[in-house]
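Shown next, in structure tokens, is the structure this report addresses.
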Amino acid sequence: MKIAIASDHGGFELKKEIIKLLERKKIEYKDFGTFSAEPIDYPDVAIPCAEAVARGEFDKGIILCGTGIGVCICANKVKGIRAALCHDTFSARMSRMHNDANVLTMGGRVIGPSLAATIVEEWLDAEFEGGRHQRRLEKISKYENKAQ
Ligand code: RB5
């Protein structure tokens, strides 16, 4: 599995923790920045990271900012991306099982590193259930293809 990861300054510390987890689990990843706590504009990292997932270069993406909201909005503008903002394990699992989310977003100013790490583990382990959920995703894709 290959993961694309990114954060702005608001998610920078949390990103370091998530990277430690990925390294412990021997999961391959690419860090799309930012690489310091200096303020940046979250679209500058969230969009390239999500685009790399959409191009199929990575299996999934994890994108962090202060709240997880800005990067979630950005990622969901990229065609083919289903980004889910999750600060609890139930939503994280459901975002995979029902929504086939391919990007997880979280807020470094919202959630602590231990819960965030558990969320990432559960999100990576959960599988899409397909079936009626596939039909719903196809309706989203149909709209997306018509709109662009
Ligand atoms: C940056 O101050 C902050 O606005 C950003 O990290 C994020 O929370 C936006 O949604």
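Every chain in the structure tokens takes a letter, A first, then B, and so on in the order presented; its residues are numbered from 1, and the ligands are numbered from 1 following the presented order.
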
Kindly work out which residues sit at most 6 Å from ligand 1, using only C-alpha atoms and all ligand atoms, and give the list as a ChimeraX atom specification. /A:8,10,65-70

Could you give me, as JSON lines, every stretch 54-144 of chain A residue with an atom at most 12 Å from stretch 13-18 of chain A, plus its closest atom pair and distance in Å to one decimal, counting only C-alpha atoms, rows ordered by chain then number?
{"residue": "A:Gly61", "atom": "CA", "partner": "A:Ile18", "partner_atom": "CA", "distance": 11.8}
{"residue": "A:Ile62", "atom": "CA", "partner": "A:Lys15", "partner_atom": "CA", "distance": 8.8}
{"residue": "A:Ile63", "atom": "CA", "partner": "A:Lys15", "partner_atom": "CA", "distance": 8.2}
{"residue": "A:Leu64", "atom": "CA", "partner": "A:Lys15", "partner_atom": "CA", "distance": 6.8}
{"residue": "A:Cys65", "atom": "CA", "partner": "A:Leu14", "partner_atom": "CA", "distance": 8.8}
{"residue": "A:Gly66", "atom": "CA", "partner": "A:Leu14", "partner_atom": "CA", "distance": 9.5}
{"residue": "A:Thr67", "atom": "CA", "partner": "A:Leu14", "partner_atom": "CA", "distance": 11.4}
{"residue": "A:Gly68", "atom": "CA", "partner": "A:Leu14", "partner_atom": "CA", "distance": 11.2}
{"residue": "A:Leu104", "atom": "CA", "partner": "A:Ile18", "partner_atom": "CA", "distance": 11.8}
{"residue": "A:Thr105", "atom": "CA", "partner": "A:Lys15", "partner_atom": "CA", "distance": 10.8}
{"residue": "A:Met106", "atom": "CA", "partner": "A:Leu14", "partner_atom": "CA", "distance": 8.9}
{"residue": "A:Gly107", "atom": "CA", "partner": "A:Leu14", "partner_atom": "CA", "distance": 8.2}
{"residue": "A:Gly108", "atom": "CA", "partner": "A:Leu14", "partner_atom": "CA", "distance": 5.4}
{"residue": "A:Arg109", "atom": "CA", "partner": "A:Leu14", "partner_atom": "CA", "distance": 8.8}
{"residue": "A:Val110", "atom": "CA", "partner": "A:Leu14", "partner_atom": "CA", "distance": 10.2}
{"residue": "A:Ile111", "atom": "CA", "partner": "A:Leu14", "partner_atom": "CA", "distance": 8.7}
{"residue": "A:Gly112", "atom": "CA", "partner": "A:Leu14", "partner_atom": "CA", "distance": 7.9}
{"residue": "A:Pro113", "atom": "CA", "partner": "A:Leu14", "partner_atom": "CA", "distance": 6.2}
{"residue": "A:Ser114", "atom": "CA", "partner": "A:Glu17", "partner_atom": "CA", "distance": 8.7}
{"residue": "A:Leu115", "atom": "CA", "partner": "A:Ile18", "partner_atom": "CA", "distance": 10.7}
{"residue": "A:Ala116", "atom": "CA", "partner": "A:Ile18", "partner_atom": "CA", "distance": 7.7}
{"residue": "A:Ala117", "atom": "CA", "partner": "A:Ile18", "partner_atom": "CA", "distance": 6.2}
{"residue": "A:Thr118", "atom": "CA", "partner": "A:Ile18", "partner_atom": "CA", "distance": 9.8}
{"residue": "A:Ile119", "atom": "CA", "partner": "A:Ile18", "partner_atom": "CA", "distance": 10.2}
{"residue": "A:Val120", "atom": "CA", "partner": "A:Ile18", "partner_atom": "CA", "distance": 7.8}
{"residue": "A:Glu121", "atom": "CA", "partner": "A:Ile18", "partner_atom": "CA", "distance": 9.8}

Would you mind exporting C-alpha atoms of the selected residues as a PDB file, in the first residue's frame?
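Result written to out-v7.pdb:
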ATOM      1  CA  GLY A  61      -4.220   9.980   0.992  1.00  0.00           C
ATOM      2  CA  ILE A  62      -4.069  11.467   4.481  1.00  0.00           C
ATOM      3  CA  ILE A  63      -4.249  15.261   4.641  1.00  0.00           C
ATOM      4  CA  LEU A  64      -4.120  17.374   7.784  1.00  0.00           C
ATOM      5  CA  CYS A  65      -4.693  21.014   8.652  1.00  0.00           C
ATOM      6  CA  GLY A  66      -5.811  22.855  11.797  1.00  0.00           C
ATOM      7  CA  THR A  67      -9.387  21.599  11.643  1.00  0.00           C
ATOM      8  CA  GLY A  68      -9.267  19.127   8.752  1.00  0.00           C
ATOM      9  CA  LEU A 104      -8.803  10.892   5.198  1.00  0.00           C
ATOM     10  CA  THR A 105      -8.553  14.367   6.676  1.00  0.00           C
ATOM     11  CA  MET A 106      -8.113  15.381  10.312  1.00  0.00           C
ATOM     12  CA  GLY A 107      -7.366  18.536  12.272  1.00  0.00           C
ATOM     13  CA  GLY A 108      -4.203  18.840  14.316  1.00  0.00           C
ATOM     14  CA  ARG A 109      -5.903  21.448  16.496  1.00  0.00           C
ATOM     15  CA  VAL A 110      -8.892  19.178  17.126  1.00  0.00           C
ATOM     16  CA  ILE A 111      -7.586  15.714  17.870  1.00  0.00           C
ATOM     17  CA  GLY A 112      -4.716  14.231  19.885  1.00  0.00           C
ATOM     18  CA  PRO A 113      -2.040  12.038  18.298  1.00  0.00           C
ATOM     19  CA  SER A 114      -3.120   8.746  19.927  1.00  0.00           C
ATOM     20  CA  LEU A 115      -6.728   8.897  18.759  1.00  0.00           C
ATOM     21  CA  ALA A 116      -5.578  10.144  15.341  1.00  0.00           C
ATOM     22  CA  ALA A 117      -3.235   7.150  15.018  1.00  0.00           C
ATOM     23  CA  THR A 118      -6.036   4.727  15.938  1.00  0.00           C
ATOM     24  CA  ILE A 119      -8.302   6.399  13.373  1.00  0.00           C
ATOM     25  CA  VAL A 120      -5.645   6.028  10.677  1.00  0.00           C
ATOM     26  CA  GLU A 121      -5.142   2.332  11.510  1.00  0.00           C
TER      27      GLU A 121
END

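Between A:Arg82 and the candidates A:Ser141, A:Thr34, A:Lys26, A:Ala4, the tightest atom-to-atom separation, counting only C-alpha atoms, involves A:Ser141.
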
All alpha helix (DSSP H) residues (DSSP, backbone) inside stretch 8-142 of chain A, as a PyMOL selection string: chain A and resi 12-24+43-54+69-77+89-97+113-125+132-142

Atom pair atom CA of A:Lys77 / atom CA of A:Ile19: separation (Å): 24.9 Å

Write out as a list in words each polymer residue whose atoms come within 12 Å of A:Gly56, counting only C-alpha atoms; drop sequence neighbours fewer than 6 positions from it.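 Counting only the stated atoms, we get Met1, Lys2, Ile3, Ala4, Cys49, Ala50, Lys79, Gly80, Ile81 and Asn102 of chain A.
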
Rounded to one decimal place, report the atom CA of A:Asp125-atom CA of A:Asp31 distance in Å. 20.7 Å

Check stretch 50-111 of chain A with DSSP on the backbone and list each residue it calls strand (DSSP E), as a list of chain:residue names.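 DSSP on the backbone gives strand (DSSP E) at A:Lys60, A:Gly61, A:Ile62, A:Ile63, A:Leu64, A:Cys65, A:Ala83, A:Ala84, A:Leu85, A:Val103, A:Leu104, A:Thr105, A:Met106, A:Gly107.
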
Which residues, written as a list of chain:residue names, have at least one atom at most 8 Å from A:Trp123, with only C-alpha atoms counted and residues fewer than 4 positions away on the same chain left out?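 Neighbouring residues, sequence-local ones excluded: A:Thr89, A:Ala92, A:Arg93, A:Ser95, A:Arg96, A:Leu104, A:Ile119.
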
From the options A:Glu144, A:Glu23, A:Tyr29, A:Ala75, which residue's atoms come nearest to A:Ala46, counting only C-alpha atoms?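 The shortest atom-to-atom distance to A:Ala46 comes from A:Ala75.
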
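Between A:Asp59 and the candidates A:Lys139, A:Lys30, A:Arg24, A:His133, the tightest atom-to-atom separation, counting only C-alpha atoms, involves A:Lys30.
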